[in-house]
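Each remark here refers to the structure printed beneath this line.
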Amino acid sequence: MNVKIVKAMAKFGTLSSILGAFMIGITITMTENWSFTQNTFSELGVMGAGAAIIYTSGLLMAGALAMLLAAAFFEFTSGDIVGQAGSAVFLAFSLSVCVLGVGIIDLGEWVRYVSPAIYVMIPLSATLLSYSLYKKGLQLHAGVGLVAAVIGAAIWLMGGPVNALNQTIALAPFSVWQIYVGLHMYRLEEPNEWN
């Protein structure tokens with residue numbers, strides 16, 4: 001594992017969830033008649049021209065930063081096939097967030113399939129990466145990831161309406177876990193090259 005690469009990618013990638021939440025928050029304040037219980041986040045991208053631009057730009061930026069975190073995960077889990085699989089799913093999640101940023105404006109109907117896929121990738125990537133973290137001796141990090149995976153899967157398995165409240169319940173623990181693991185990777189000690 002190249003610690004410098006992990007630290008550099010985690011430094012910026014960890015900001016993905018924070019930036020995404022910030023941009024969604026701004027969009028919500030700009031969108032009239034939008035409700036957590038009546039609408040989904042993707043509707044923020046079509047309910048007002050100015051808000052739509054901020055929302056889609058926020059998705060693109062958050063997805064791009066998440067790709068950096070995926071790169072950190074790939075390097076951090078090098079040599080571990082389960083960790084690499086989890087990193088690949090996390091990268092697919094990151095790319096899907098970027099696609100939503102472009103897709104709401106340009107790609108039309110098929111975007112309907114990307115959003116549900118994201119909510120499958122969340123628990124899958126968190127589970128695989130948590131197993132890898134557990135094998136590295138990071139039990140607490142793995143535990144937080146498994147809690148995020150269980151909540152992310154349970155909210156959809158219970159059924160009910162698809163709305164921003166359910167999306168937030170699925171995304172929030174996953175975001176907390178990303179930040180937690182990202183900060184751990186950023187704080188790794190670089191080996192002394194002179195020894």
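Each chain in the structure tokens gets a letter, A, B and so on, in the order shown; residues start at 1 in every chain, and ligands are counted from 1 in the order they appear.
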
Checklist entry - Near Tyr180 of chain A, within 10 Å and counting only C-alpha atoms, which residues show up once chain neighbours fewer than 2 positions away are dropped, as a list in words? => result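 Returned residues: Thr14, Leu140, His141, Val144, Gly145, Phe174, Ser175, Val176, Trp177, Gln178, Gly182, Leu183, His184 and Met185 of chain A.
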
Item to check | All residues 12 Å or closer to Leu69 of chain A, only C-alpha atoms, same chain fewer than 5 positions away omitted, as number ranges by chain | outcome: A: 5-17, 62-64, 74-76, 87-88, 90-95, 175, 178-186

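Reported to one decimal place, the separation of atom CA of Ala164 of chain A from atom CA of Ile24 of chain A is 10.9 Å.
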
Item to check | Pick from A:Ile54, A:Val102, A:Ala148, A:Val82 nearest to Tyr131 of chain A, counting only C-alpha atoms | outcome: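 Among the listed residues, the smallest separation from Tyr131 of chain A belongs to A:Val82.
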
Checklist entry - Could you work out how far atom CA of Gln139 of chain A lies from atom CA of Leu19 of chain A, giving the answer in Å with one decimal? => result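 Between these atoms lies a distance of 27.3 Å.
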
Checklist entry - Contacts of Asn166 of chain A at 9 Å or less, counting only C-alpha atoms, minus same-chain residues fewer than 6 places along, as a list in words? => result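 Using only C-alpha atoms, the neighbours found are Phe36, Thr37, Thr40, Ile155 and Trp156 of chain A.
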
Checklist entry - What is the atom CA of Ala66 of chain A-atom CA of Leu165 of chain A distance in Å, reported with one decimal? => result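 Atom-to-atom, atom CA of Ala66 of chain A and atom CA of Leu165 of chain A are spaced 22.2 Å apart.
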